[in-house]
file data-v6.cif (mmCIF, N, CA, C and O atoms)
data_query
#
loop_
_atom_site.group_PDB
_atom_site.id
_atom_site.type_symbol
_atom_site.label_atom_id
_atom_site.label_comp_id
_atom_site.auth_asym_id
_atom_site.auth_seq_id
_atom_site.Cartn_x
_atom_site.Cartn_y
_atom_site.Cartn_z
ATOM 1 N N MET A 1 -25.389 -43.953 7.297
ATOM 2 C CA MET A 1 -25.962 -44.189 5.985
ATOM 3 C C MET A 1 -24.978 -45.039 5.197
ATOM 4 O O MET A 1 -23.862 -44.601 4.953
ATOM 5 N N PRO A 2 -25.372 -46.219 4.776
ATOM 6 C CA PRO A 2 -24.470 -47.050 3.968
ATOM 7 C C PRO A 2 -24.319 -46.457 2.570
ATOM 8 O O PRO A 2 -25.312 -46.175 1.905
ATOM 9 N N CYS A 3 -23.101 -46.230 2.180
ATOM 10 C CA CYS A 3 -22.809 -45.669 0.859
ATOM 11 C C CYS A 3 -21.650 -46.433 0.238
ATOM 12 O O CYS A 3 -20.608 -45.874 -0.062
ATOM 13 N N ASN A 4 -21.837 -47.722 0.072
ATOM 14 C CA ASN A 4 -20.775 -48.549 -0.481
ATOM 15 C C ASN A 4 -20.547 -48.224 -1.945
ATOM 16 O O ASN A 4 -21.479 -48.164 -2.732
ATOM 17 N N ILE A 5 -19.283 -48.030 -2.286
ATOM 18 C CA ILE A 5 -18.861 -47.806 -3.665
ATOM 19 C C ILE A 5 -18.131 -49.063 -4.111
ATOM 20 O O ILE A 5 -17.275 -49.575 -3.399
ATOM 21 N N ILE A 6 -18.463 -49.551 -5.290
ATOM 22 C CA ILE A 6 -17.845 -50.762 -5.817
ATOM 23 C C ILE A 6 -17.034 -50.383 -7.048
ATOM 24 O O ILE A 6 -17.563 -49.773 -7.988
ATOM 25 N N VAL A 7 -15.749 -50.740 -7.027
ATOM 26 C CA VAL A 7 -14.863 -50.518 -8.160
ATOM 27 C C VAL A 7 -14.344 -51.882 -8.572
ATOM 28 O O VAL A 7 -13.750 -52.588 -7.760
ATOM 29 N N GLN A 8 -14.605 -52.256 -9.819
ATOM 30 C CA GLN A 8 -14.144 -53.567 -10.273
ATOM 31 C C GLN A 8 -13.668 -53.498 -11.719
ATOM 32 O O GLN A 8 -14.171 -52.713 -12.519
ATOM 33 N N GLU A 9 -12.680 -54.326 -12.007
ATOM 34 C CA GLU A 9 -12.177 -54.433 -13.368
ATOM 35 C C GLU A 9 -12.957 -55.545 -14.062
ATOM 36 O O GLU A 9 -12.814 -56.718 -13.726
ATOM 37 N N LYS A 10 -13.817 -55.166 -14.999
ATOM 38 C CA LYS A 10 -14.685 -56.125 -15.692
ATOM 39 C C LYS A 10 -13.898 -56.933 -16.728
ATOM 40 O O LYS A 10 -14.114 -58.112 -16.889
ATOM 41 N N LYS A 11 -13.014 -56.256 -17.444
ATOM 42 C CA LYS A 11 -12.118 -56.841 -18.431
ATOM 43 C C LYS A 11 -10.786 -56.113 -18.249
ATOM 44 O O LYS A 11 -10.765 -55.020 -17.676
ATOM 45 N N PRO A 12 -9.696 -56.658 -18.717
ATOM 46 C CA PRO A 12 -8.424 -55.944 -18.604
ATOM 47 C C PRO A 12 -8.529 -54.512 -19.150
ATOM 48 O O PRO A 12 -8.937 -54.300 -20.294
ATOM 49 N N GLY A 13 -8.279 -53.542 -18.284
ATOM 50 C CA GLY A 13 -8.345 -52.134 -18.665
ATOM 51 C C GLY A 13 -9.742 -51.535 -18.654
ATOM 52 O O GLY A 13 -9.911 -50.349 -18.913
ATOM 53 N N LYS A 14 -10.763 -52.308 -18.350
ATOM 54 C CA LYS A 14 -12.154 -51.823 -18.334
ATOM 55 C C LYS A 14 -12.650 -51.810 -16.878
ATOM 56 O O LYS A 14 -12.921 -52.854 -16.291
ATOM 57 N N ILE A 15 -12.749 -50.619 -16.302
ATOM 58 C CA ILE A 15 -13.132 -50.457 -14.900
ATOM 59 C C ILE A 15 -14.586 -50.012 -14.807
ATOM 60 O O ILE A 15 -15.035 -49.149 -15.558
ATOM 61 N N GLU A 16 -15.315 -50.598 -13.876
ATOM 62 C CA GLU A 16 -16.707 -50.215 -13.618
ATOM 63 C C GLU A 16 -16.803 -49.694 -12.187
ATOM 64 O O GLU A 16 -16.274 -50.298 -11.257
ATOM 65 N N VAL A 17 -17.474 -48.559 -12.024
ATOM 66 C CA VAL A 17 -17.720 -47.975 -10.705
ATOM 67 C C VAL A 17 -19.227 -47.939 -10.500
ATOM 68 O O VAL A 17 -19.968 -47.444 -11.344
ATOM 69 N N SER A 18 -19.680 -48.470 -9.372
ATOM 70 C CA SER A 18 -21.108 -48.448 -9.051
ATOM 71 C C SER A 18 -21.268 -48.189 -7.558
ATOM 72 O O SER A 18 -20.293 -48.176 -6.815
ATOM 73 N N ALA A 19 -22.492 -47.974 -7.145
ATOM 74 C CA ALA A 19 -22.760 -47.682 -5.739
ATOM 75 C C ALA A 19 -24.048 -48.367 -5.311
ATOM 76 O O ALA A 19 -24.979 -48.535 -6.108
ATOM 77 N N VAL A 20 -24.101 -48.738 -4.038
ATOM 78 C CA VAL A 20 -25.318 -49.281 -3.455
ATOM 79 C C VAL A 20 -26.327 -48.136 -3.344
ATOM 80 O O VAL A 20 -25.984 -47.028 -2.931
ATOM 81 N N ASN A 21 -27.549 -48.395 -3.728
ATOM 82 C CA ASN A 21 -28.601 -47.378 -3.685
ATOM 83 C C ASN A 21 -28.988 -47.109 -2.229
ATOM 84 O O ASN A 21 -29.592 -47.963 -1.572
ATOM 85 N N PRO A 22 -28.668 -45.917 -1.689
ATOM 86 C CA PRO A 22 -28.994 -45.631 -0.294
ATOM 87 C C PRO A 22 -30.495 -45.574 -0.021
ATOM 88 O O PRO A 22 -30.931 -45.848 1.092
ATOM 89 N N VAL A 23 -31.292 -45.250 -1.026
ATOM 90 C CA VAL A 23 -32.751 -45.215 -0.854
ATOM 91 C C VAL A 23 -33.258 -46.635 -0.590
ATOM 92 O O VAL A 23 -34.060 -46.862 0.318
ATOM 93 N N ALA A 24 -32.789 -47.586 -1.374
ATOM 94 C CA ALA A 24 -33.191 -48.980 -1.174
ATOM 95 C C ALA A 24 -32.715 -49.488 0.187
ATOM 96 O O ALA A 24 -33.425 -50.243 0.858
ATOM 97 N N SER A 25 -31.540 -49.054 0.598
ATOM 98 C CA SER A 25 -30.997 -49.487 1.888
ATOM 99 C C SER A 25 -31.825 -48.980 3.069
ATOM 100 O O SER A 25 -31.846 -49.595 4.124
ATOM 101 N N MET A 26 -32.508 -47.872 2.879
ATOM 102 C CA MET A 26 -33.273 -47.255 3.966
ATOM 103 C C MET A 26 -34.748 -47.632 3.960
ATOM 104 O O MET A 26 -35.517 -47.153 4.783
ATOM 105 N N GLU A 27 -35.180 -48.505 3.037
ATOM 106 C CA GLU A 27 -36.606 -48.857 2.944
ATOM 107 C C GLU A 27 -37.170 -49.438 4.237
ATOM 108 O O GLU A 27 -38.318 -49.188 4.579
ATOM 109 N N ALA A 28 -36.379 -50.201 4.957
ATOM 110 C CA ALA A 28 -36.877 -50.841 6.172
ATOM 111 C C ALA A 28 -36.835 -49.913 7.388
ATOM 112 O O ALA A 28 -37.369 -50.255 8.437
ATOM 113 N N ILE A 29 -36.240 -48.748 7.240
ATOM 114 C CA ILE A 29 -36.106 -47.802 8.349
ATOM 115 C C ILE A 29 -37.298 -46.838 8.332
ATOM 116 O O ILE A 29 -37.585 -46.208 7.318
ATOM 117 N N LEU A 30 -37.970 -46.713 9.430
ATOM 118 C CA LEU A 30 -39.128 -45.821 9.526
ATOM 119 C C LEU A 30 -38.707 -44.468 10.090
ATOM 120 O O LEU A 30 -39.031 -44.107 11.221
ATOM 121 N N ASN A 31 -37.958 -43.731 9.278
ATOM 122 C CA ASN A 31 -37.465 -42.422 9.701
ATOM 123 C C ASN A 31 -37.476 -41.516 8.471
ATOM 124 O O ASN A 31 -36.626 -41.643 7.589
ATOM 125 N N LYS A 32 -38.418 -40.583 8.415
ATOM 126 C CA LYS A 32 -38.560 -39.708 7.252
ATOM 127 C C LYS A 32 -37.334 -38.833 7.024
ATOM 128 O O LYS A 32 -36.989 -38.528 5.883
ATOM 129 N N ASP A 33 -36.654 -38.440 8.098
ATOM 130 C CA ASP A 33 -35.445 -37.624 7.949
ATOM 131 C C ASP A 33 -34.350 -38.407 7.223
ATOM 132 O O ASP A 33 -33.659 -37.869 6.358
ATOM 133 N N LEU A 34 -34.195 -39.680 7.573
ATOM 134 C CA LEU A 34 -33.192 -40.513 6.903
ATOM 135 C C LEU A 34 -33.571 -40.756 5.449
ATOM 136 O O LEU A 34 -32.695 -40.801 4.580
ATOM 137 N N HIS A 35 -34.841 -40.892 5.165
ATOM 138 C CA HIS A 35 -35.277 -41.094 3.779
ATOM 139 C C HIS A 35 -34.921 -39.864 2.936
ATOM 140 O O HIS A 35 -34.451 -39.999 1.803
ATOM 141 N N LYS A 36 -35.124 -38.682 3.480
ATOM 142 C CA LYS A 36 -34.779 -37.446 2.776
ATOM 143 C C LYS A 36 -33.278 -37.408 2.491
ATOM 144 O O LYS A 36 -32.853 -37.101 1.373
ATOM 145 N N ILE A 37 -32.482 -37.739 3.480
ATOM 146 C CA ILE A 37 -31.027 -37.752 3.305
ATOM 147 C C ILE A 37 -30.623 -38.805 2.280
ATOM 148 O O ILE A 37 -29.742 -38.565 1.454
ATOM 149 N N ALA A 38 -31.264 -39.953 2.307
ATOM 150 C CA ALA A 38 -30.947 -41.018 1.356
ATOM 151 C C ALA A 38 -31.157 -40.551 -0.081
ATOM 152 O O ALA A 38 -30.341 -40.852 -0.963
ATOM 153 N N PHE A 39 -32.232 -39.815 -0.348
ATOM 154 C CA PHE A 39 -32.469 -39.300 -1.694
ATOM 155 C C PHE A 39 -31.400 -38.288 -2.093
ATOM 156 O O PHE A 39 -30.941 -38.266 -3.236
ATOM 157 N N GLU A 40 -30.958 -37.462 -1.139
ATOM 158 C CA GLU A 40 -29.895 -36.498 -1.420
ATOM 159 C C GLU A 40 -28.582 -37.215 -1.718
ATOM 160 O O GLU A 40 -27.873 -36.852 -2.665
ATOM 161 N N VAL A 41 -28.265 -38.234 -0.939
ATOM 162 C CA VAL A 41 -27.035 -38.999 -1.141
ATOM 163 C C VAL A 41 -27.080 -39.713 -2.495
ATOM 164 O O VAL A 41 -26.091 -39.719 -3.236
ATOM 165 N N LYS A 42 -28.217 -40.288 -2.838
ATOM 166 C CA LYS A 42 -28.362 -40.974 -4.116
ATOM 167 C C LYS A 42 -28.071 -40.019 -5.272
ATOM 168 O O LYS A 42 -27.341 -40.356 -6.210
ATOM 169 N N ALA A 43 -28.617 -38.823 -5.227
ATOM 170 C CA ALA A 43 -28.403 -37.840 -6.286
ATOM 171 C C ALA A 43 -26.935 -37.462 -6.396
ATOM 172 O O ALA A 43 -26.390 -37.352 -7.509
ATOM 173 N N LYS A 44 -26.284 -37.301 -5.258
ATOM 174 C CA LYS A 44 -24.866 -36.936 -5.266
ATOM 175 C C LYS A 44 -23.997 -38.070 -5.791
ATOM 176 O O LYS A 44 -23.061 -37.833 -6.567
ATOM 177 N N LEU A 45 -24.306 -39.294 -5.404
ATOM 178 C CA LEU A 45 -23.549 -40.446 -5.902
ATOM 179 C C LEU A 45 -23.699 -40.574 -7.417
ATOM 180 O O LEU A 45 -22.716 -40.825 -8.125
ATOM 181 N N LYS A 46 -24.922 -40.407 -7.917
ATOM 182 C CA LYS A 46 -25.152 -40.487 -9.366
ATOM 183 C C LYS A 46 -24.346 -39.424 -10.102
ATOM 184 O O LYS A 46 -23.764 -39.689 -11.165
ATOM 185 N N LYS A 47 -24.305 -38.230 -9.548
ATOM 186 C CA LYS A 47 -23.567 -37.139 -10.176
ATOM 187 C C LYS A 47 -22.070 -37.442 -10.228
ATOM 188 O O LYS A 47 -21.432 -37.249 -11.258
ATOM 189 N N VAL A 48 -21.530 -37.932 -9.139
ATOM 190 C CA VAL A 48 -20.105 -38.268 -9.086
ATOM 191 C C VAL A 48 -19.773 -39.378 -10.070
ATOM 192 O O VAL A 48 -18.814 -39.272 -10.851
ATOM 193 N N ILE A 49 -20.558 -40.444 -10.068
ATOM 194 C CA ILE A 49 -20.287 -41.567 -10.963
ATOM 195 C C ILE A 49 -20.414 -41.142 -12.429
ATOM 196 O O ILE A 49 -19.625 -41.566 -13.275
ATOM 197 N N ALA A 50 -21.374 -40.291 -12.728
ATOM 198 C CA ALA A 50 -21.564 -39.826 -14.112
ATOM 199 C C ALA A 50 -20.365 -39.019 -14.613
ATOM 200 O O ALA A 50 -20.106 -38.976 -15.811
ATOM 201 N N GLN A 51 -19.628 -38.409 -13.701
ATOM 202 C CA GLN A 51 -18.485 -37.585 -14.089
ATOM 203 C C GLN A 51 -17.191 -38.379 -14.230
ATOM 204 O O GLN A 51 -16.167 -37.825 -14.602
ATOM 205 N N LEU A 52 -17.257 -39.676 -13.960
ATOM 206 C CA LEU A 52 -16.036 -40.491 -14.082
ATOM 207 C C LEU A 52 -15.762 -40.847 -15.521
ATOM 208 O O LEU A 52 -16.577 -40.945 -16.341
#
call {"tool": "encode", "arguments": {"input": "data-v6.cif", "output": "structure tokens"}}
result
Amino acid sequence: MPCNIIVQEKKPGKIEVSAVNPVASMEAILNKDLHKIAFEVKAKLKKVIAQL
């Protein structure tokens, strides 16, 4: 499951953290089990990023 995290400095001292949407990454895959996992991963990534 691709779960790329992007950390970049937008301005000096201003850091942005984002992640590739695993649900969008799995759209071309015809596997319902992977789609379920992708939604779980997306929720967890959102929770982690929100706590930063």
call {"tool": "closest_residue", "arguments": {"input": "data-v6.cif", "among": "A:Gly13, A:Ala28, A:Asn21, A:Val7", "to": "A:Lys46", "atoms": "only C-alpha atoms"}}
result
A:Asn21
call {"tool": "residues_around", "arguments": {"input": "data-v6.cif", "residues": "A:Ala38", "least_positions_apart": "3", "cutoff": "8 Å", "atoms": "all atoms listed in the file", "output": "MDAnalysis selection string"}}
result
chainID A and resid 1:2 20:24 26 31:35 41:45
call {"tool": "atom_distance", "arguments": {"input": "data-v6.cif", "atom1": "atom C of A:Ile49", "atom2": "atom CA of A:Glu27"}}
result
23.6 Å
call {"tool": "axis_aligned_box", "arguments": {"input": "data-v6.cif", "around": "stretch 24-32 of chain A", "padding_each_side": "5 Å", "output": "JSON"}}
result
{"center_x": -35.1, "center_y": -44.7, "center_z": 4.9, "size_x": 18.1, "size_y": 22.3, "size_z": 22.6}
call {"tool": "atom_distance", "arguments": {"input": "data-v6.cif", "atom1": "atom CA of A:Ile5", "atom2": "atom CA of A:Val48"}}
result
11.0 Å
call {"tool": "atom_distance", "arguments": {"input": "data-v6.cif", "atom1": "atom CA of A:Ala50", "atom2": "atom CA of A:Ser18"}}
result
10.0 Å
call {"tool": "select_by_dssp", "arguments": {"input": "data-v6.cif", "residues": "chain A", "states": "strand (DSSP E or B)", "output": "list in words"}}
result
Ile5, Ile6, Val7, Gln8, Glu9, Lys10, Lys11, Lys14, Ile15, Glu16, Val17, Ser18 and Ala19 of chain A
